[in-house]
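S.K.: See coords_30.csv below, with CSV, C-alpha atoms.
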chain,number,residue,atom,x,y,z
A,1,MET,CA,26.9,-8.6,0.4
A,2,GLY,CA,25.6,-11.4,2.6
A,3,GLU,CA,23.2,-14.1,1.8
A,4,LYS,CA,21.9,-14.2,-1.7
A,5,LYS,CA,18.3,-13.3,-2.4
A,6,GLU,CA,17.5,-17.0,-3.0
A,7,LYS,CA,18.4,-17.6,0.6
A,8,LYS,CA,16.3,-14.9,2.0
A,9,GLU,CA,13.7,-17.6,2.9
A,10,LYS,CA,11.0,-15.3,1.5
A,11,LYS,CA,7.6,-16.3,2.4
A,12,ARG,CA,4.4,-15.1,0.9
A,13,GLU,CA,2.9,-12.6,3.3
A,14,ARG,CA,-0.1,-14.5,4.7
A,15,GLU,CA,-1.7,-11.6,6.4
A,16,GLU,CA,-4.1,-10.8,3.6
A,17,GLU,CA,-5.3,-7.3,3.3
A,18,PRO,CA,-9.0,-6.4,3.5
A,19,ALA,CA,-11.0,-4.8,0.8
A,20,GLU,CA,-11.2,-1.0,0.8
A,21,ASP,CA,-14.5,0.1,2.2
A,22,ALA,CA,-16.4,3.1,3.6
A,23,ALA,CA,-13.9,3.7,6.4
A,24,ALA,CA,-11.1,4.3,4.0
A,25,ALA,CA,-13.1,7.0,2.2
A,26,ASP,CA,-14.1,8.5,5.5
A,27,ALA,CA,-10.6,8.7,6.9
A,28,GLU,CA,-9.0,12.1,7.3
A,29,PRO,CA,-5.9,12.5,5.0
A,30,ASP,CA,-2.6,13.6,6.5
A,31,TYR,CA,-2.1,16.1,3.7
A,32,ASP,CA,-4.0,19.1,2.4
A,33,GLU,CA,-6.3,17.4,-0.1
A,34,ALA,CA,-9.9,17.9,-1.3
A,35,PRO,CA,-12.2,15.9,1.1
A,36,MET,CA,-13.7,12.7,-0.2
A,37,LYS,CA,-17.4,12.1,-0.1
A,38,LYS,CA,-18.6,9.8,2.6
A,39,LYS,CA,-20.2,6.5,1.7
A,40,SER,CA,-23.3,5.3,3.5
A,41,ALA,CA,-22.6,2.5,6.0
A,42,ALA,CA,-23.2,-1.0,4.8
A,43,LYS,CA,-26.4,-2.7,6.0
A,44,SER,CA,-26.1,-5.9,7.9
A,45,ASP,CA,-27.9,-8.9,6.6
A,46,GLY,CA,-27.2,-10.9,9.7
A,47,LYS,CA,-23.7,-11.9,8.7
A,48,ALA,CA,-20.6,-10.6,10.3
A,49,ILE,CA,-19.2,-7.5,8.6
A,50,PRO,CA,-15.4,-7.6,8.2
A,51,PRO,CA,-13.6,-4.9,10.2
A,52,ALA,CA,-12.7,-1.8,8.2
A,53,PRO,CA,-9.1,-1.0,7.3
A,54,GLY,CA,-7.5,0.9,10.2
A,55,THR,CA,-9.6,-0.9,12.9
A,56,TYR,CA,-7.3,-3.9,13.2
A,57,PRO,CA,-4.8,-3.8,16.1
A,58,ILE,CA,-1.3,-2.7,15.4
A,59,ASN,CA,1.1,-5.6,15.9
A,60,PRO,CA,3.4,-4.3,18.7
A,61,THR,CA,6.6,-5.9,17.3
A,62,LYS,CA,6.1,-5.9,13.5
A,63,VAL,CA,6.6,-3.0,11.1
A,64,TYR,CA,6.1,-2.5,7.4
A,65,MET,CA,9.2,-1.5,5.4
A,66,GLY,CA,8.8,-0.2,1.9
A,67,ASN,CA,10.9,1.4,-0.9
A,68,LEU,CA,13.5,-1.2,-0.4
A,69,ALA,CA,16.3,-1.8,-2.9
A,70,TRP,CA,16.2,-4.9,-5.1
A,71,SER,CA,19.6,-5.8,-3.7
A,72,ILE,CA,18.3,-5.9,-0.1
A,73,ASP,CA,18.6,-9.0,2.0
A,74,GLU,CA,18.0,-10.0,5.6
A,75,ASN,CA,21.5,-9.3,6.8
A,76,ALA,CA,21.3,-5.7,5.4
A,77,ILE,CA,18.1,-5.0,7.3
A,78,LYS,CA,19.5,-6.4,10.5
A,79,GLU,CA,22.7,-4.4,10.2
A,80,ALA,CA,20.9,-1.2,9.2
A,81,PHE,CA,18.5,-1.4,12.2
A,82,ALA,CA,20.8,-3.0,14.7
A,83,ASP,CA,20.5,0.1,16.9
A,84,CYS,CA,16.7,-0.4,17.1
A,85,GLY,CA,16.7,-4.0,18.3
A,86,ASN,CA,17.0,-7.6,17.3
A,87,VAL,CA,15.2,-8.6,14.1
A,88,LEU,CA,13.5,-12.0,14.5
A,89,SER,CA,12.1,-12.5,11.0
A,90,ILE,CA,11.3,-10.8,7.7
A,91,ASN,CA,8.5,-11.7,5.3
A,92,TRP,CA,9.2,-10.3,1.9
A,93,PHE,CA,6.4,-9.2,-0.4
A,94,GLU,CA,6.4,-11.0,-3.8
A,95,GLU,CA,4.1,-11.3,-6.8
A,96,LYS,CA,2.0,-14.4,-6.5
A,97,ASP,CA,2.8,-15.9,-9.9
A,98,THR,CA,6.3,-14.6,-10.8
A,99,LYS,CA,7.7,-14.4,-7.2
A,100,LYS,CA,9.1,-11.1,-8.2
A,101,PHE,CA,10.3,-9.1,-5.2
A,102,LEU,CA,8.0,-6.0,-4.7
A,103,GLY,CA,10.5,-3.9,-2.7
A,104,ALA,CA,8.7,-4.3,0.7
A,105,GLY,CA,8.3,-6.6,3.6
A,106,VAL,CA,7.2,-7.0,7.2
A,107,VAL,CA,10.0,-7.0,9.7
A,108,GLU,CA,9.5,-8.5,13.2
A,109,PHE,CA,11.5,-7.2,16.2
A,110,ASP,CA,12.0,-9.0,19.5
A,111,THR,CA,10.4,-6.1,21.5
A,112,GLN,CA,7.8,-3.4,21.0
A,113,GLU,CA,10.5,-0.8,21.8
A,114,GLY,CA,12.5,-2.1,18.9
A,115,ALA,CA,9.6,-1.8,16.5
A,116,ASN,CA,8.9,1.7,17.7
A,117,ALA,CA,12.5,2.7,17.3
A,118,ALA,CA,12.4,1.4,13.7
A,119,ILE,CA,9.2,3.4,12.9
A,120,ALA,CA,11.0,6.5,14.3
A,121,ALA,CA,13.9,5.8,12.0
A,122,SER,CA,11.6,5.9,8.9
A,123,GLY,CA,13.6,7.5,6.0
A,124,ARG,CA,16.9,5.9,7.0
A,125,GLU,CA,18.9,5.1,3.9
A,126,VAL,CA,19.6,1.4,3.2
A,127,HIS,CA,21.4,0.4,0.0
A,128,GLY,CA,21.0,3.9,-1.4
A,129,ARG,CA,17.2,4.2,-0.8
A,130,GLU,CA,15.2,5.9,2.0
A,131,THR,CA,13.2,3.2,3.8
A,132,LYS,CA,9.6,3.9,4.5
A,133,ILE,CA,8.5,2.4,7.8
A,134,ARG,CA,5.1,2.3,9.5
A,135,GLY,CA,3.3,0.1,12.1
A,136,TRP,CA,1.9,-3.1,10.8
A,137,GLU,CA,-1.8,-4.0,11.3
A,138,GLN,CA,-2.4,-7.7,12.2
A,139,ARG,CA,-4.7,-8.9,9.5
A,140,GLY,CA,-6.0,-12.1,7.9
A,141,THR,CA,-6.5,-14.1,11.1
A,142,GLU,CA,-10.3,-14.3,10.9
A,143,ALA,CA,-12.3,-16.0,8.2
A,144,SER,CA,-14.3,-12.8,7.6
A,145,GLU,CA,-11.1,-10.9,7.0
A,146,LYS,CA,-9.9,-13.5,4.5
A,147,ARG,CA,-13.2,-13.4,2.7
A,148,ALA,CA,-12.9,-9.6,2.4
A,149,ALA,CA,-9.4,-9.9,0.9
A,150,ARG,CA,-10.7,-12.4,-1.7
A,151,ALA,CA,-13.6,-10.0,-2.4
A,152,ALA,CA,-11.1,-7.2,-3.2
A,153,GLN,CA,-9.5,-9.4,-5.8
A,154,LYS,CA,-12.8,-10.0,-7.5
A,155,MET,CA,-14.1,-6.5,-7.1
A,156,GLU,CA,-16.2,-5.2,-10.0
A,157,VAL,CA,-14.9,-1.8,-10.9
A,158,LYS,CA,-17.4,0.8,-11.9
A,159,PRO,CA,-16.9,3.1,-14.9
A,160,MET,CA,-15.5,6.5,-14.0
A,161,GLY,CA,-17.8,9.5,-13.8
A,162,PRO,CA,-17.7,12.7,-15.9
A,163,LYS,CA,-14.3,14.3,-16.0
A,164,PRO,CA,-14.4,17.7,-14.2
A,165,PRO,CA,-12.8,20.8,-15.8
A,166,GLY,CA,-9.2,21.4,-14.8
A,167,CYS,CA,-8.7,17.9,-13.5
A,168,TYR,CA,-5.2,16.6,-13.3
A,169,THR,CA,-5.5,14.1,-10.4
A,170,LEU,CA,-6.8,10.5,-10.3
A,171,PHE,CA,-8.3,8.9,-7.1
A,172,MET,CA,-7.0,5.4,-6.7
A,173,GLY,CA,-8.7,2.8,-4.5
A,174,ASN,CA,-8.7,-1.0,-3.7
A,175,LEU,CA,-5.0,-0.8,-3.5
A,176,ASN,CA,-2.7,-3.6,-2.2
A,177,PHE,CA,-1.5,-2.6,1.2
A,178,ALA,CA,2.1,-3.3,0.1
A,179,ILE,CA,2.1,-0.7,-2.6
A,180,ASP,CA,4.5,2.2,-2.5
A,181,ASP,CA,5.7,5.1,-4.8
A,182,ASP,CA,7.8,2.9,-7.0
A,183,ALA,CA,5.2,0.3,-7.5
A,184,ILE,CA,2.5,2.7,-8.6
A,185,TYR,CA,5.0,4.7,-10.7
A,186,ASN,CA,5.9,1.5,-12.6
A,187,PHE,CA,2.2,0.5,-12.9
A,188,PHE,CA,1.4,3.6,-14.9
A,189,LYS,CA,4.8,3.7,-16.8
A,190,ASP,CA,4.7,0.1,-17.9
A,191,ASN,CA,1.0,-0.2,-18.7
A,192,ALA,CA,0.1,3.3,-20.0
A,193,GLY,CA,3.5,4.8,-20.9
A,194,VAL,CA,3.0,7.8,-18.7
A,195,GLU,CA,4.7,9.2,-15.6
A,196,MET,CA,3.1,10.7,-12.5
A,197,SER,CA,4.2,14.1,-11.4
A,198,ALA,CA,3.2,13.3,-7.8
A,199,VAL,CA,1.5,10.7,-5.6
A,200,ARG,CA,-0.1,11.0,-2.2
A,201,TRP,CA,-1.3,8.2,0.0
A,202,LEU,CA,-4.4,8.4,2.3
A,203,THR,CA,-3.4,7.5,5.9
A,204,ASN,CA,-5.0,7.5,9.3
A,205,LYS,CA,-4.3,11.0,10.8
A,206,ASP,CA,-3.6,9.6,14.3
A,207,THR,CA,-1.7,6.4,13.6
A,208,GLY,CA,-0.2,7.0,10.1
A,209,GLU,CA,-1.6,3.7,8.9
A,210,PHE,CA,-2.1,3.4,5.1
A,211,ARG,CA,-5.8,3.2,4.2
A,212,GLY,CA,-5.6,1.5,0.8
A,213,VAL,CA,-6.3,4.6,-1.3
A,214,GLY,CA,-4.3,7.4,-2.8
A,215,PHE,CA,-4.1,10.2,-5.4
A,216,ALA,CA,-1.9,10.5,-8.5
A,217,ASP,CA,-1.1,13.7,-10.3
A,218,PHE,CA,-0.2,14.0,-14.0
A,219,ALA,CA,1.4,16.9,-15.9
A,220,THR,CA,-0.7,16.8,-19.0
A,221,ASP,CA,-4.3,16.1,-19.9
A,222,GLU,CA,-3.2,13.5,-22.4
A,223,ASP,CA,-1.2,11.6,-19.7
A,224,LEU,CA,-4.1,11.8,-17.3
A,225,ASP,CA,-6.5,10.2,-19.9
A,226,LYS,CA,-4.0,7.4,-20.7
A,227,ALA,CA,-3.6,6.6,-17.0
A,228,ALA,CA,-7.3,6.7,-16.4
A,229,ALA,CA,-7.8,4.1,-19.1
A,230,LEU,CA,-6.2,1.6,-16.7
A,231,ASN,CA,-9.2,1.7,-14.4
A,232,GLY,CA,-10.0,-1.9,-13.4
A,233,GLN,CA,-6.6,-3.3,-14.4
A,234,ASP,CA,-4.7,-5.6,-12.2
A,235,CYS,CA,-2.3,-3.8,-9.9
A,236,MET,CA,-0.4,-6.0,-7.5
A,237,GLY,CA,-3.1,-8.6,-7.5
A,238,ARG,CA,-6.1,-6.3,-7.2
A,239,PRO,CA,-8.2,-4.4,-9.8
A,240,ILE,CA,-7.4,-0.8,-9.2
A,241,ARG,CA,-10.4,1.5,-8.8
A,242,MET,CA,-9.9,5.0,-10.2
A,243,ASP,CA,-12.0,8.1,-10.7
A,244,TRP,CA,-11.4,11.8,-11.4
A,245,GLN,CA,-10.5,14.0,-8.4
A,246,ALA,CA,-11.9,17.4,-8.9
A,247,PRO,CA,-9.4,20.3,-8.3
A,248,ARG,CA,-9.9,22.4,-5.2
A,249,GLN,CA,-11.8,25.6,-5.7
A,250,ALA,CA,-9.9,28.8,-5.1
A,251,SER,CA,-10.9,30.5,-1.9
Please express the file's structure as structure tokens.

M.R.:
Amino acid sequence: MGEKKEKKEKKREREEEPAEDAAAADAEPDYDEAPMKKKSAAKSDGKAIPPAPGTYPINPTKVYMGNLAWSIDENAIKEAFADCGNVLSINWFEEKDTKKFLGAGVVEFDTQEGANAAIAASGREVHGRETKIRGWEQRGTEASEKRAARAAQKMEVKPMGPKPPGCYTLFMGNLNFAIDDDAIYNFFKDNAGVEMSAVRWLTNKDTGEFRGVGFADFATDEDLDKAAALNGQDCMGRPIRMDWQAPRQAS
């Protein structure tokens, strides 16, 4: 199957993700979802305010690949996307303490055309799984961005508000930018013993970039309450922020 996982030369992704902020809540979703309330802009105290998610420039030659099989290795990626271009490097996402592979990584191509071709090939099956691919924002290069990432890890999660009638959806914020369907499914399954019925991610309507927030649906009121009890728990190195998402009113 090629090089073994131990020889992948995995590196901890050093491009730390910024904390979720007002821009994430203001972004237009690329699906038909109830609009989120806008937050007031943060006031400046004379210090530099970290750029909001989605404002970082897209790295022209790097792409995020998610929903990867646990058996994946560098050779498999190179072979699967050989028609797109030459792969220069791959940084695999891992848990900080356990080094467990998180099923995602950042793949660098030798040209912008190669990266664009890979994005266009999103959904291609590799080792039996449909690969999710999007452009990669260049992050973590400024001190302010790194401070924002550390702040996200220490974020104080507020209690959830009153549960609205007919609610079956949870809003999820302060999410790790490497998260995908499998990771959030396992988070609820392993920690609350419940299964989602659906998940939707909030993305930039124009660029498709993930904004660090999403919505999870649950089939029963009991499962919804069990999942909500995880508000503030660690999810891929960040305390997940959750709240009830009121159902849309019938028109």

S.K.: Of the candidates A:Lys99, A:Lys189, A:Arg248, A:Arg134, which shows the shortest atom-to-atom distance to A:Thr61, using only C-alpha atoms?

M.R.: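 Of the candidates, the smallest distance to A:Thr61 is held by A:Arg134.
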
S.K.: At a cut-off of 12 Å, using only C-alpha atoms, what residues contact A:Tyr168? Leave out same-chain residues fewer than 6 positions from it and give the result as number ranges by chain.

M.R.: A: 196-199, 215-228, 243-248

S.K.: Quick check, in Å to one decimal: how far apart do atom CA of A:Gly214 and atom CA of A:Glu95 lie?

M.R.: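 Atom CA of A:Glu95 lies 20.9 Å from atom CA of A:Gly214.
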
S.K.: By how many Å are atom CA of A:Phe101 and atom CA of A:Glu130 apart?

M.R.: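 Separation of atom CA of A:Phe101 and atom CA of A:Glu130: 17.3 Å.
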
S.K.: Which residue is closest to A:Cys235? Choose from A:Ile72, A:Ala118, A:Ala178, A:Met65 and count only C-alpha atoms.

M.R.: A:Ala178

S.K.: Closest to A:Ala117 among A:Phe81, A:Phe93, A:Trp136, A:Phe171, using only C-alpha atoms?

M.R.: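 Nearest to A:Ala117: A:Phe81.
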
S.K.: Grab the atom CA of A:Met242 to atom CA of A:Met172 distance for me, in Å with one decimal place.

M.R.: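 About the pair atom CA of A:Met242 and atom CA of A:Met172: they are 4.6 Å apart.
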
S.K.: My list of candidates is A:Val213, A:Met160, A:Asn176, A:Leu68. Which is closest to A:Pro239 when distances are computed with only C-alpha atoms?

M.R.: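 Once distances to A:Pro239 are computed over only C-alpha atoms, the minimum belongs to A:Asn176.
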
S.K.: Would you mind writing stretch 198-221 of chain A with N, CA and C atoms, as a compact mmCIF listing (two decimals), in the coordinates of the input?

M.R.:
# COMPACT_ATOMS: atom_id res chain seq x y z
N ALA A 198 3.26 13.42 -9.25
CA ALA A 198 3.20 13.30 -7.80
C ALA A 198 2.26 12.23 -7.37
N VAL A 199 2.46 11.69 -6.17
CA VAL A 199 1.50 10.70 -5.60
C VAL A 199 1.37 10.99 -4.12
N ARG A 200 0.14 10.83 -3.62
CA ARG A 200 -0.10 11.00 -2.20
C ARG A 200 -0.96 9.85 -1.72
N TRP A 201 -0.64 9.36 -0.53
CA TRP A 201 -1.30 8.20 0.00
C TRP A 201 -2.24 8.66 1.17
N LEU A 202 -3.43 8.08 1.26
CA LEU A 202 -4.40 8.40 2.30
C LEU A 202 -4.01 7.58 3.55
N THR A 203 -3.78 8.22 4.66
CA THR A 203 -3.40 7.50 5.90
C THR A 203 -4.27 7.98 7.05
N ASN A 204 -4.28 7.18 8.09
CA ASN A 204 -5.00 7.50 9.30
C ASN A 204 -4.22 8.69 9.96
N LYS A 205 -4.93 9.76 10.26
CA LYS A 205 -4.30 11.00 10.80
C LYS A 205 -3.58 10.73 12.10
N ASP A 206 -4.16 9.86 12.92
CA ASP A 206 -3.60 9.60 14.30
C ASP A 206 -2.48 8.61 14.27
N THR A 207 -2.65 7.52 13.51
CA THR A 207 -1.70 6.40 13.60
C THR A 207 -0.72 6.37 12.40
N GLY A 208 -1.06 7.06 11.30
CA GLY A 208 -0.20 7.00 10.10
C GLY A 208 -0.39 5.76 9.30
N GLU A 209 -1.39 4.92 9.62
CA GLU A 209 -1.60 3.70 8.90
C GLU A 209 -2.17 3.96 7.50
N PHE A 210 -1.68 3.25 6.52
CA PHE A 210 -2.10 3.40 5.10
C PHE A 210 -3.57 2.85 5.04
N ARG A 211 -4.44 3.56 4.29
CA ARG A 211 -5.80 3.20 4.20
C ARG A 211 -6.24 2.53 2.89
N GLY A 212 -5.27 2.21 2.04
CA GLY A 212 -5.60 1.50 0.80
C GLY A 212 -6.05 2.36 -0.34
N VAL A 213 -5.89 3.67 -0.22
CA VAL A 213 -6.30 4.60 -1.30
C VAL A 213 -5.22 5.68 -1.44
N GLY A 214 -5.23 6.36 -2.59
CA GLY A 214 -4.30 7.40 -2.80
C GLY A 214 -4.69 8.29 -4.00
N PHE A 215 -3.83 9.26 -4.34
CA PHE A 215 -4.10 10.20 -5.40
C PHE A 215 -2.83 10.34 -6.28
N ALA A 216 -2.99 10.31 -7.59
CA ALA A 216 -1.90 10.50 -8.50
C ALA A 216 -2.08 11.67 -9.39
N ASP A 217 -1.07 12.53 -9.49
CA ASP A 217 -1.10 13.70 -10.30
C ASP A 217 -0.38 13.47 -11.64
N PHE A 218 -0.86 14.09 -12.71
CA PHE A 218 -0.20 14.00 -14.00
C PHE A 218 -0.04 15.37 -14.63
N ALA A 219 1.04 15.55 -15.38
CA ALA A 219 1.40 16.90 -15.90
C ALA A 219 0.54 17.35 -17.02
N THR A 220 0.06 16.43 -17.85
CA THR A 220 -0.70 16.80 -19.00
C THR A 220 -2.06 16.11 -19.06
N ASP A 221 -3.00 16.71 -19.77
CA ASP A 221 -4.30 16.10 -19.90
C ASP A 221 -4.24 14.78 -20.65
